file work-v9.tsv (TSV, C-alpha atoms)
chain	number	residue	atom	x	y	z
X	826	MET	CA	3.66	14.39	-4.07
X	827	ASP	CA	7.03	12.91	-3.15
X	828	MET	CA	5.65	9.55	-4.26
X	829	GLN	CA	4.78	11.02	-7.68
X	830	ILE	CA	8.26	12.49	-8.02
X	831	ASP	CA	9.74	9.12	-7.13
X	832	THR	CA	7.55	7.35	-9.70
X	833	ALA	CA	8.55	9.83	-12.41
X	834	LEU	CA	12.24	9.38	-11.59
X	835	LYS	CA	11.93	5.59	-11.76
X	836	ARG	CA	9.94	5.59	-15.00
X	837	ALA	CA	12.60	7.64	-16.76
X	838	ARG	CA	15.38	5.42	-15.38
X	839	GLY	CA	13.62	2.24	-16.49
X	840	TYR	CA	12.76	3.50	-19.98
X	841	TRP	CA	15.56	1.44	-21.51
X	842	PHE	CA	13.58	-1.68	-20.50
X	843	ILE	CA	10.13	-0.48	-21.59
X	844	ASP	CA	9.98	-2.50	-24.83
X	845	GLY	CA	11.59	-5.79	-23.77
X	846	PHE	CA	14.32	-5.56	-26.44
X	847	THR	CA	17.10	-5.08	-23.91
X	848	GLU	CA	16.11	-8.18	-21.95
X	849	MET	CA	15.79	-10.26	-25.12
X	850	ALA	CA	19.21	-9.13	-26.41
X	851	ALA	CA	20.89	-9.67	-23.04
X	852	GLY	CA	19.16	-13.05	-22.65
X	853	GLY	CA	20.28	-14.16	-26.13
X	854	LEU	CA	23.88	-13.17	-25.42
X	855	ILE	CA	23.81	-14.96	-22.06
X	856	VAL	CA	22.43	-18.14	-23.67
X	857	ILE	CA	25.30	-18.12	-26.19
X	858	LEU	CA	27.86	-17.71	-23.39
X	859	ALA	CA	26.23	-20.51	-21.40
X	860	GLY	CA	26.31	-22.72	-24.51
X	861	ILE	CA	30.06	-22.18	-24.89
X	862	LEU	CA	30.62	-22.91	-21.20
X	863	LEU	CA	28.53	-26.09	-21.23
X	864	LEU	CA	29.99	-27.41	-24.48
X	865	SER	CA	33.49	-26.80	-23.10
X	866	GLY	CA	32.57	-28.43	-19.79
X	867	TYR	CA	31.47	-31.65	-21.46
X	868	ALA	CA	34.16	-31.67	-24.20
X	869	PRO	CA	37.17	-34.01	-23.86
X	870	ARG	CA	40.43	-32.20	-23.04
X	871	ALA	CA	44.11	-32.96	-23.50
X	872	SER	CA	45.42	-30.65	-20.77
X	873	PHE	CA	43.69	-28.45	-18.21
X	874	ALA	CA	45.77	-25.37	-19.03
X	875	GLY	CA	45.09	-25.65	-22.77
X	876	TRP	CA	41.38	-26.22	-22.17
X	877	PHE	CA	41.15	-23.30	-19.73
X	878	LEU	CA	42.85	-20.93	-22.18
X	879	SER	CA	40.59	-22.10	-24.99
X	880	VAL	CA	37.39	-21.58	-22.95
X	881	THR	CA	38.38	-18.15	-21.62
X	882	SER	CA	39.41	-16.90	-25.06
X	883	GLU	CA	36.20	-18.23	-26.68
X	884	ILE	CA	34.08	-16.55	-24.00
X	885	ALA	CA	36.03	-13.30	-24.27
X	886	ILE	CA	35.56	-13.22	-28.06
X	887	ALA	CA	31.86	-14.14	-27.79
X	888	LYS	CA	31.37	-11.41	-25.18
X	889	LEU	CA	33.12	-8.75	-27.24
X	890	VAL	CA	31.40	-9.61	-30.53
X	891	GLY	CA	28.08	-10.34	-28.80
X	892	ILE	CA	27.98	-7.06	-26.88
X	893	LEU	CA	28.86	-5.06	-30.00
X	894	ALA	CA	26.22	-6.92	-32.06
X	895	ALA	CA	23.61	-6.52	-29.29
X	896	ILE	CA	24.27	-2.76	-29.07
X	897	LEU	CA	23.89	-2.36	-32.85
X	898	ILE	CA	20.72	-4.48	-32.97
X	899	LEU	CA	19.21	-2.64	-29.98
X	900	TRP	CA	20.10	0.72	-31.48
X	901	TRP	CA	18.38	-0.18	-34.75
X	902	LEU	CA	15.30	-1.72	-33.09
X	903	LYS	CA	14.76	1.20	-30.73
X	904	ASP	CA	15.33	3.72	-33.49
X	905	HIS	CA	12.77	2.06	-35.78
X	906	PHE	CA	10.25	0.73	-33.28
X	907	THR	CA	10.38	2.29	-29.81
X	908	TYR	CA	11.33	5.93	-30.35
X	909	PRO	CA	8.58	6.60	-32.95
X	910	ARG	CA	5.99	5.16	-30.52
X	911	THR	CA	6.92	6.42	-27.06
X	912	GLY	CA	9.76	8.84	-27.64
X	913	PHE	CA	13.50	9.08	-27.27
X	914	VAL	CA	15.44	9.20	-24.03
X	915	ARG	CA	19.19	9.65	-23.69
X	916	GLY	CA	20.33	7.96	-20.49
X	917	LYS	CA	22.84	9.48	-18.15
X	918	GLN	CA	26.40	8.77	-19.20
X	919	VAL	CA	28.35	6.49	-16.91
X	920	THR	CA	31.49	8.20	-15.70
X	921	ALA	CA	34.90	6.54	-15.41
X	922	THR	CA	34.63	6.80	-11.61
X	923	GLN	CA	31.31	4.92	-11.63
X	924	VAL	CA	32.83	2.16	-13.81
X	925	LEU	CA	35.74	1.85	-11.37
X	926	VAL	CA	33.32	1.59	-8.43
X	927	ILE	CA	31.41	-1.22	-10.19
X	928	ILE	CA	34.66	-3.10	-10.96
X	929	ARG	CA	35.82	-2.63	-7.36
X	930	ASN	CA	32.52	-4.00	-6.00
X	931	VAL	CA	32.60	-7.05	-8.29
X	932	ILE	CA	36.15	-7.81	-7.16
X	933	LEU	CA	35.36	-7.19	-3.48
X	934	PHE	CA	32.08	-9.06	-3.22
X	935	LEU	CA	32.45	-11.83	-5.81
X	936	PHE	CA	36.01	-12.71	-6.76
X	937	LEU	CA	37.82	-12.07	-3.49
X	938	PRO	CA	35.59	-14.35	-1.37
X	939	ILE	CA	35.96	-17.16	-3.92
X	940	LEU	CA	39.76	-16.72	-4.13
X	941	ALA	CA	39.99	-16.56	-0.33
X	942	LEU	CA	38.05	-19.80	-0.07
X	943	LEU	CA	40.26	-21.52	-2.63
X	944	ALA	CA	43.37	-20.38	-0.76
X	945	ALA	CA	41.94	-21.49	2.58
X	946	ALA	CA	41.01	-24.86	1.07
X	947	LEU	CA	44.69	-25.59	0.55
X	948	LEU	CA	45.36	-25.05	4.26
X	949	THR	CA	42.51	-26.45	6.33
X	950	ALA	CA	40.42	-29.59	6.24
X	951	SER	CA	37.10	-27.81	6.77
X	952	ALA	CA	37.81	-25.40	3.93
X	953	ARG	CA	38.67	-28.43	1.77
X	954	ASN	CA	35.19	-29.75	2.41
X	955	VAL	CA	33.76	-26.39	1.41
X	956	LEU	CA	35.80	-26.51	-1.79
X	957	ALA	CA	34.63	-30.06	-2.48
X	958	SER	CA	31.02	-28.95	-2.21
X	959	MET	CA	31.61	-25.93	-4.47
X	960	PRO	CA	29.53	-27.36	-7.37
X	961	ALA	CA	26.54	-27.29	-5.00
X	962	TRP	CA	26.94	-24.01	-3.11
X	963	PHE	CA	28.43	-21.90	-5.89
X	964	PRO	CA	25.23	-21.78	-8.01
X	965	VAL	CA	23.15	-21.16	-4.88
X	966	GLY	CA	25.39	-18.23	-3.88
X	967	LEU	CA	25.53	-16.84	-7.38
X	968	GLY	CA	21.75	-17.19	-7.76
X	969	LEU	CA	21.31	-15.21	-4.54
X	970	ILE	CA	23.73	-12.48	-5.67
X	971	TRP	CA	22.11	-12.34	-9.12
X	972	GLY	CA	18.61	-12.28	-7.59
X	973	GLY	CA	19.69	-9.48	-5.25
X	974	ALA	CA	21.00	-7.50	-8.20
X	975	TYR	CA	17.68	-7.92	-10.04
X	976	LEU	CA	15.77	-6.86	-6.94
X	977	LEU	CA	17.86	-3.73	-6.37
X	978	GLY	CA	17.83	-2.82	-10.08
X	979	GLY	CA	14.07	-3.39	-10.25
X	980	GLU	CA	13.43	-1.16	-7.23
X	981	TRP	CA	15.71	1.56	-8.63
X	982	MET	CA	13.88	1.58	-11.97
X	983	GLY	CA	10.41	0.78	-10.67
X	984	LEU	CA	10.23	-2.46	-12.67
X	985	LEU	CA	8.00	-4.86	-10.76
X	986	ARG	CA	8.73	-7.80	-13.08
X	987	PHE	CA	12.34	-7.76	-11.89
X	988	ARG	CA	11.07	-9.02	-8.51
X	989	LEU	CA	9.82	-12.13	-10.26
X	990	LEU	CA	13.12	-12.47	-12.13
X	991	ALA	CA	14.93	-12.21	-8.78
X	992	VAL	CA	12.84	-15.02	-7.26
X	993	MET	CA	13.36	-17.19	-10.34
X	994	MET	CA	17.14	-16.67	-10.25
X	995	VAL	CA	17.31	-17.67	-6.59
X	996	LEU	CA	15.15	-20.75	-7.25
X	997	ALA	CA	17.27	-21.70	-10.28
X	998	GLY	CA	20.45	-21.45	-8.18
X	999	ILE	CA	18.95	-23.60	-5.43
X	1000	ALA	CA	17.66	-26.17	-7.94
X	1001	ILE	CA	21.10	-26.55	-9.56
X	1002	GLY	CA	22.76	-26.76	-6.13
X	1003	VAL	CA	20.37	-29.50	-5.04
X	1004	TRP	CA	20.94	-31.36	-8.32
X	1005	GLN	CA	24.73	-31.27	-7.87
X	1006	PHE	CA	24.38	-32.38	-4.26
X	1007	ALA	CA	22.01	-35.19	-5.25
X	1008	ILE	CA	24.41	-36.70	-7.81
X	1009	GLY	CA	27.15	-36.80	-5.16
X	1010	LEU	CA	30.02	-34.43	-4.39
X	1011	PRO	CA	33.72	-35.23	-4.95
X	1012	THR	CA	35.63	-36.42	-1.87
X	1013	PHE	CA	38.92	-34.61	-1.38
X	1014	PRO	CA	42.08	-36.32	-0.09
X	1015	SER	CA	43.51	-34.96	3.19
X	1016	ASN	CA	46.46	-33.40	1.39
X	1017	ILE	CA	45.97	-31.60	-1.89
X	1018	GLN	CA	49.05	-29.41	-1.74
X	1019	SER	CA	50.96	-32.04	-3.70
X	1020	GLY	CA	49.26	-31.01	-6.92
X	1021	ILE	CA	46.39	-28.67	-7.63
X	1022	PHE	CA	45.83	-30.30	-11.04
X	1023	GLN	CA	45.02	-33.72	-9.60
X	1024	PRO	CA	41.83	-35.32	-11.00
X	1025	ILE	CA	39.62	-34.68	-7.98
X	1026	VAL	CA	40.32	-30.92	-8.04
X	1027	LEU	CA	39.80	-30.74	-11.78
X	1028	GLU	CA	36.52	-32.64	-11.41
X	1029	THR	CA	35.36	-30.08	-8.83
X	1030	ILE	CA	36.31	-27.18	-11.10
X	1031	ASN	CA	34.62	-28.84	-14.06
X	1032	ARG	CA	31.40	-29.53	-12.18
X	1033	THR	CA	31.35	-25.99	-10.82
X	1034	LEU	CA	31.69	-24.67	-14.38
X	1035	ILE	CA	28.85	-26.93	-15.51
X	1036	SER	CA	26.69	-25.65	-12.61
X	1037	LEU	CA	27.59	-22.12	-13.62
X	1038	GLY	CA	26.79	-22.90	-17.26
X	1039	PHE	CA	23.31	-24.18	-16.39
X	1040	LEU	CA	22.62	-21.21	-14.12
X	1041	ILE	CA	23.66	-18.78	-16.86
X	1042	LEU	CA	21.59	-20.71	-19.40
X	1043	ILE	CA	18.46	-20.59	-17.22
X	1044	SER	CA	19.08	-16.90	-16.52
X	1045	GLY	CA	19.32	-16.17	-20.25
X	1046	VAL	CA	16.12	-18.08	-21.03
X	1047	ILE	CA	14.25	-16.31	-18.20
X	1048	LEU	CA	15.43	-12.93	-19.50
X	1049	MET	CA	14.39	-13.77	-23.07
X	1050	ILE	CA	10.91	-14.86	-21.95
X	1051	SER	CA	10.53	-11.76	-19.77
X	1052	GLY	CA	11.64	-9.58	-22.70
X	1053	LEU	CA	9.22	-11.28	-25.08
X	1054	VAL	CA	6.26	-10.85	-22.72
X	1055	THR	CA	7.22	-7.19	-22.16
X	1056	PHE	CA	7.55	-6.64	-25.91
X	1057	LEU	CA	4.12	-8.15	-26.64
X	1058	ARG	CA	2.52	-5.96	-23.98
X	1059	TYR	CA	4.34	-2.86	-25.25
X	1060	GLN	CA	3.28	-3.61	-28.82
X	1061	LYS	CA	-0.33	-4.05	-27.71
X	1062	GLU	CA	-0.28	-0.72	-25.86
X	1063	ASN	CA	1.54	1.09	-28.68
X	1064	PRO	CA	0.50	-0.62	-31.92
X	1065	THR	CA	1.46	2.22	-34.27
X	1066	PRO	CA	4.01	5.03	-34.29
X	1067	TYR	CA	2.77	8.30	-32.81
X	1068	THR	CA	1.19	10.72	-35.23
X	1069	GLU	CA	-0.52	14.07	-34.81
X	1070	GLU	CA	-3.93	12.35	-35.00
X	1071	SER	CA	-3.25	9.50	-32.54
K	1314	MET	CA	4.70	29.92	11.82
K	1315	SER	CA	6.64	26.65	12.22
K	1316	GLY	CA	9.95	26.16	10.41
K	1317	SER	CA	8.51	23.57	8.03
K	1318	LEU	CA	5.65	25.86	6.99
K	1319	GLN	CA	8.09	28.70	6.38
K	1320	ASN	CA	9.89	26.27	4.10
K	1321	LEU	CA	6.61	25.74	2.23
K	1322	SER	CA	6.33	29.43	1.42
K	1323	GLY	CA	9.90	29.38	0.15
K	1324	LEU	CA	9.30	26.61	-2.39
K	1325	ASP	CA	10.31	27.36	-5.97
K	1326	ARG	CA	7.06	28.37	-7.69
K	1327	VAL	CA	8.31	27.43	-11.15
K	1328	ILE	CA	8.92	23.84	-10.12
K	1329	HIS	CA	6.09	23.60	-7.58
K	1330	GLU	CA	3.39	23.55	-10.28
K	1331	PRO	CA	2.46	19.81	-10.58
K	1332	ALA	CA	2.89	19.44	-14.35
K	1333	ARG	CA	6.25	21.20	-14.35
K	1334	LEU	CA	7.35	19.21	-11.31
K	1335	MET	CA	6.57	16.01	-13.22
K	1336	LEU	CA	8.56	17.20	-16.24
K	1337	VAL	CA	11.56	18.22	-14.15
K	1338	ALA	CA	11.43	14.91	-12.25
K	1339	LEU	CA	11.34	12.95	-15.52
K	1340	LEU	CA	14.28	14.89	-16.92
K	1341	SER	CA	16.32	14.79	-13.73
K	1342	SER	CA	17.16	11.10	-14.03
K	1343	VAL	CA	18.18	11.18	-17.72
K	1344	GLU	CA	20.57	13.14	-19.88
K	1345	SER	CA	17.80	14.34	-22.21
K	1346	ALA	CA	14.42	13.31	-23.63
K	1347	ASP	CA	12.33	14.32	-26.62
K	1348	PHE	CA	8.90	15.93	-26.78
K	1349	LEU	CA	7.10	12.64	-27.49
K	1350	PHE	CA	8.51	10.94	-24.38
K	1351	LEU	CA	7.48	13.86	-22.18
K	1352	LEU	CA	4.06	13.96	-23.83
K	1353	LYS	CA	3.41	10.25	-23.24
K	1354	GLU	CA	4.75	10.16	-19.70
K	1355	SER	CA	3.18	13.39	-18.45
K	1356	GLY	CA	-0.26	12.78	-20.01
K	1357	LEU	CA	-0.49	16.48	-20.87
K	1358	THR	CA	-1.90	17.82	-24.12
K	1359	LYS	CA	0.61	19.04	-26.68
K	1360	GLY	CA	-0.34	22.67	-26.10
K	1361	ASN	CA	-0.09	22.38	-22.34
K	1362	LEU	CA	3.23	20.59	-22.54
K	1363	SER	CA	4.65	23.27	-24.85
K	1364	VAL	CA	3.58	26.01	-22.43
K	1365	HIS	CA	5.16	24.31	-19.42
K	1366	LEU	CA	8.37	23.54	-21.30
K	1367	SER	CA	8.60	27.17	-22.39
K	1368	ARG	CA	8.07	28.33	-18.82
K	1369	LEU	CA	10.90	26.09	-17.61
K	1370	GLU	CA	13.12	27.25	-20.46
K	1371	GLU	CA	12.43	30.91	-19.60
K	1372	ALA	CA	13.43	30.23	-15.99
K	1373	GLY	CA	16.73	28.81	-17.26
K	1374	TYR	CA	15.95	25.35	-15.91
K	1375	LEU	CA	15.63	23.67	-19.29
K	1376	ARG	CA	17.60	23.63	-22.53
K	1377	ALA	CA	16.02	22.66	-25.86
K	1378	ASP	CA	18.32	21.28	-28.57
K	1379	LYS	CA	16.67	21.36	-31.97
K	1380	THR	CA	17.94	19.06	-34.71
K	1381	PHE	CA	16.57	17.37	-37.83
K	1382	GLN	CA	16.11	13.66	-38.37
K	1383	GLY	CA	15.94	13.64	-42.15
K	1384	LYS	CA	13.32	16.28	-42.82
K	1385	ILE	CA	11.57	15.89	-39.48
K	1386	PRO	CA	12.43	18.36	-36.71
K	1387	HIS	CA	13.46	16.74	-33.46
K	1388	THR	CA	13.81	18.55	-30.14
K	1389	GLU	CA	15.59	17.13	-27.14
K	1390	TYR	CA	15.08	18.67	-23.73
K	1391	SER	CA	17.55	18.51	-20.89
K	1392	LEU	CA	17.83	20.11	-17.48
K	1393	THR	CA	20.47	22.77	-17.08
K	1394	ALA	CA	22.78	22.81	-14.06
K	1395	LYS	CA	20.53	25.53	-12.64
K	1396	GLY	CA	17.48	23.33	-13.19
K	1397	ARG	CA	19.07	20.33	-11.48
K	1398	THR	CA	20.11	22.44	-8.51
K	1399	ALA	CA	16.62	23.95	-8.26
K	1400	PHE	CA	15.02	20.48	-8.34
K	1401	ASN	CA	17.37	19.13	-5.66
K	1402	GLU	CA	16.74	22.19	-3.49
K	1403	TYR	CA	13.01	21.79	-3.98
K	1404	ARG	CA	13.13	18.16	-2.83
K	1405	LYS	CA	15.28	19.08	0.16
K	1406	LYS	CA	12.74	21.71	1.23
K	1407	LEU	CA	9.74	19.48	0.56
K	1408	ASP	CA	11.07	16.44	2.39
K	1409	PRO	CA	10.86	17.79	5.98
K	1410	ILE	CA	7.41	19.28	5.30
K	1411	ILE	CA	6.05	15.90	4.18
K	1412	ARG	CA	7.74	14.13	7.12
K	1413	ARG	CA	6.27	16.62	9.62
K	1414	ARG	CA	2.72	16.32	8.20
K	1415	HIS	CA	2.67	12.46	8.44

call {"tool": "encode", "arguments": {"input": "work-v9.tsv", "output": "structure tokens"}}
result
Amino acid sequence: MDMQIDTALKRARGYWFIDGFTEMAAGGLIVILAGILLLSGYAPRASFAGWFLSVTSEIAIAKLVGILAAILILWWLKDHFTYPRTGFVRGKQVTATQVLVIIRNVILFLFLPILALLAAALLTASARNVLASMPAWFPVGLGLIWGGAYLLGGEWMGLLRFRLLAVMMVLAGIAIGVWQFAIGLPTFPSNIQSGIFQPIVLETINRTLISLGFLILISGVILMISGLVTFLRYQKENPTPYTEES
Amino acid sequence: MSGSLQNLSGLDRVIHEPARLMLVALLSSVESADFLFLLKESGLTKGNLSVHLSRLEEAGYLRADKTFQGKIPHTEYSLTAKGRTAFNEYRKKLDPIIRRRH
């Protein structure tokens, strides 16, 4: 009986993903962001600071506009397609405390380790080597974190396909890491304190961004395909809106 | 009688009925849901579902908010604070019984 309760809880939690629209919208947005990142990574630049500002502002605008557009499109699609077929569910509202906890965890488990590594790289030779190999290990690490998030989310909502997404994200991260390693990693000088903006450091940052761009791109495409398959299955199972006779 | 079996006799009868338990479980992880969602997920007939929803509403575990979407009536169901507490209590009581039986 406890198993049935658990299944019911998970089904209600995962209802937002029942039709595949959410994955397709998120995947589309992620592909656009990856496109901006990759185009910026390969574009010629006059100065690092100017380029960095340009990329971050473009991504911020794309995120803001993209998220708003995705919400409106999802709202319309669900209202006209999903709710008439399988009903309406209003998800639990996220409280300000929960948002703060999420932000805290992202800072603690993602940004702080990277910043600590960058700081340590300026001080020790071994950390410098780790920084030099960042284009290879960063996508592997991020793929693992991303895969873990899919796995946990999938278990929480009872979505088995998220296990496959998790495996694919980990494999994508490893593949990009191997690719970056295979084309050769930058060799750092023994002393980089003299200038953080020297070419070798900028090359490392640039290649890490390109790795990140490809990982995000693959993630977006995987999500879109997963969403499309889910949508086709949902449409097959629920071809017409519910009526009294159906 | 062992402690766990005494717990069994103290289970909330309103929630303990399988169909109602399913409905309460579905509603416990969302803010609210409409009749169609509950109908599809529970697999009950419309008549049966209405009866069970009414029973939960009478017990004060459920609130029904009736609105109109154009000319079509639309009812959203949500658990009340009393309903959420009752469901959590029910799970707390059930958990040791299931553990002891396995």

call {"tool": "closest_residue", "arguments": {"input": "work-v9.tsv", "among": "K:Phe1381, K:Phe1350, K:Tyr1390, K:Phe1400", "to": "chain X", "atoms": "only C-alpha atoms"}}
result
K:Phe1350

call {"tool": "residues_around", "arguments": {"input": "work-v9.tsv", "residues": "K:Thr1398", "least_positions_apart": "6", "cutoff": "12 Å", "atoms": "only C-alpha atoms", "output": "NGL selection string"}}
result
:K and (1325 or 1328 or 1337 or 1341 or 1373-1375 or 1392 or 1404-1405)

call {"tool": "closest_residue", "arguments": {"input": "work-v9.tsv", "among": "X:Thr1065, X:Thr1033, X:Thr881, X:Thr920", "to": "X:Phe906", "atoms": "only C-alpha atoms"}}
result
X:Thr1065

call {"tool": "residues_around", "arguments": {"input": "work-v9.tsv", "residues": "X:Leu976", "least_positions_apart": "2", "cutoff": "8 Å", "atoms": "only C-alpha atoms", "output": "ChimeraX atom specification"}}
result
/X:972-974,978-980,987-988,991

call {"tool": "residues_around", "arguments": {"input": "work-v9.tsv", "residues": "X:Tyr840", "least_positions_apart": "3", "cutoff": "10 Å", "atoms": "only C-alpha atoms", "output": "PyMOL selection string"}}
result
(chain X and resi 835-837+843-844+911-916+982-984) or (chain K and resi 1343+1350)

call {"tool": "closest_atom_pairs", "arguments": {"input": "work-v9.tsv", "of": "chain X", "to": "chain K", "cutoff": "12 Å", "atoms": "all atoms listed in the file", "output": "CSV"}}
result
residue,atom,partner,partner_atom,distance
X:Met826,CA,K:Pro1331,CA,8.6
X:Asp827,CA,K:Asp1408,CA,7.7
X:Met828,CA,K:Ile1411,CA,10.6
X:Gln829,CA,K:Met1335,CA,7.7
X:Ile830,CA,K:Ala1338,CA,5.8
X:Asp831,CA,K:Ala1338,CA,7.9
X:Thr832,CA,K:Ala1338,CA,8.9
X:Ala833,CA,K:Leu1339,CA,5.2
X:Leu834,CA,K:Leu1339,CA,5.4
X:Lys835,CA,K:Ser1342,CA,7.9
X:Arg836,CA,K:Leu1339,CA,7.5
X:Ala837,CA,K:Leu1339,CA,5.6
X:Arg838,CA,K:Ser1342,CA,6.1
X:Gly839,CA,K:Ser1342,CA,9.9
X:Tyr840,CA,K:Phe1350,CA,9.6
X:Trp841,CA,K:Val1343,CA,10.8
X:Ile843,CA,K:Phe1350,CA,11.9
X:Asp904,CA,K:Gln1382,CA,11.1
X:Thr907,CA,K:Phe1350,CA,10.4
X:Tyr908,CA,K:Phe1350,CA,8.3
X:Pro909,CA,K:Leu1349,CA,8.3
X:Arg910,CA,K:Leu1349,CA,8.1
X:Thr911,CA,K:Phe1350,CA,5.5
X:Gly912,CA,K:Phe1350,CA,4.1
X:Phe913,CA,K:Asp1347,CA,5.4
X:Val914,CA,K:Ala1346,CA,4.3
X:Arg915,CA,K:Ser1345,CA,5.1
X:Gly916,CA,K:Val1343,CA,4.8
X:Lys917,CA,K:Glu1344,CA,4.6
X:Gln918,CA,K:Glu1344,CA,7.3
X:Val919,CA,K:Glu1344,CA,10.7
X:Trp981,CA,K:Ser1342,CA,11.1
X:Met982,CA,K:Ser1342,CA,10.3
X:Glu1062,CA,K:Lys1353,CA,11.9
X:Asn1063,CA,K:Lys1353,CA,10.8
X:Pro1066,CA,K:Leu1349,CA,10.7
X:Tyr1067,CA,K:Leu1349,CA,8.1
X:Thr1068,CA,K:Leu1349,CA,9.9
X:Glu1069,CA,K:Lys1359,CA,9.6
X:Glu1070,CA,K:Lys1359,CA,11.6
X:Ser1071,CA,K:Lys1353,CA,11.5

call {"tool": "atom_distance", "arguments": {"input": "work-v9.tsv", "atom1": "atom CA of X:Phe934", "atom2": "atom CA of X:Leu969"}}
result
12.5 Å

call {"tool": "atom_distance", "arguments": {"input": "work-v9.tsv", "atom1": "atom CA of X:Ile1050", "atom2": "atom CA of X:Met849"}}
result
7.4 Å

call {"tool": "closest_residue", "arguments": {"input": "work-v9.tsv", "among": "X:Gly1002, X:Trp900, X:Asn1031, X:Ile1047", "to": "X:Ala868", "atoms": "all atoms listed in the file"}}
result
X:Asn1031

call {"tool": "atom_distance", "arguments": {"input": "work-v9.tsv", "atom1": "atom CA of X:Leu925", "atom2": "atom CA of X:Tyr975"}}
result
20.6 Å

call {"tool": "closest_residue", "arguments": {"input": "work-v9.tsv", "among": "X:Tyr867, X:Tyr1059, X:Phe873, X:Phe846", "to": "X:Ser1036", "atoms": "all atoms listed in the file"}}
result
X:Tyr867

call {"tool": "closest_residue", "arguments": {"input": "work-v9.tsv", "among": "K:Ala1332, K:Val1327, K:Ala1399, K:Ile1410", "to": "K:Leu1362", "atoms": "only C-alpha atoms"}}
result
K:Ala1332

call {"tool": "residues_around", "arguments": {"input": "work-v9.tsv", "residues": "X:Leu1042", "least_positions_apart": "2", "cutoff": "9 Å", "atoms": "all atoms listed in the file", "output": "MDAnalysis selection string"}}
result
chainID X and resid 852 855:860 863 1037:1040 1044:1047

call {"tool": "axis_aligned_box", "arguments": {"input": "work-v9.tsv", "around": "stretch 1340-1352 of chain K", "padding_each_side": "6 Å", "output": "AutoDock Vina command-line options"}}
result
--center_x 12.3 --center_y 13.4 --center_z -20.6 --size_x 28.5 --size_y 17.0 --size_z 25.8

call {"tool": "closest_residue", "arguments": {"input": "work-v9.tsv", "among": "K:Pro1386, K:Arg1333, K:Asn1401, K:Pro1409", "to": "K:Ser1367", "atoms": "only C-alpha atoms"}}
result
K:Arg1333
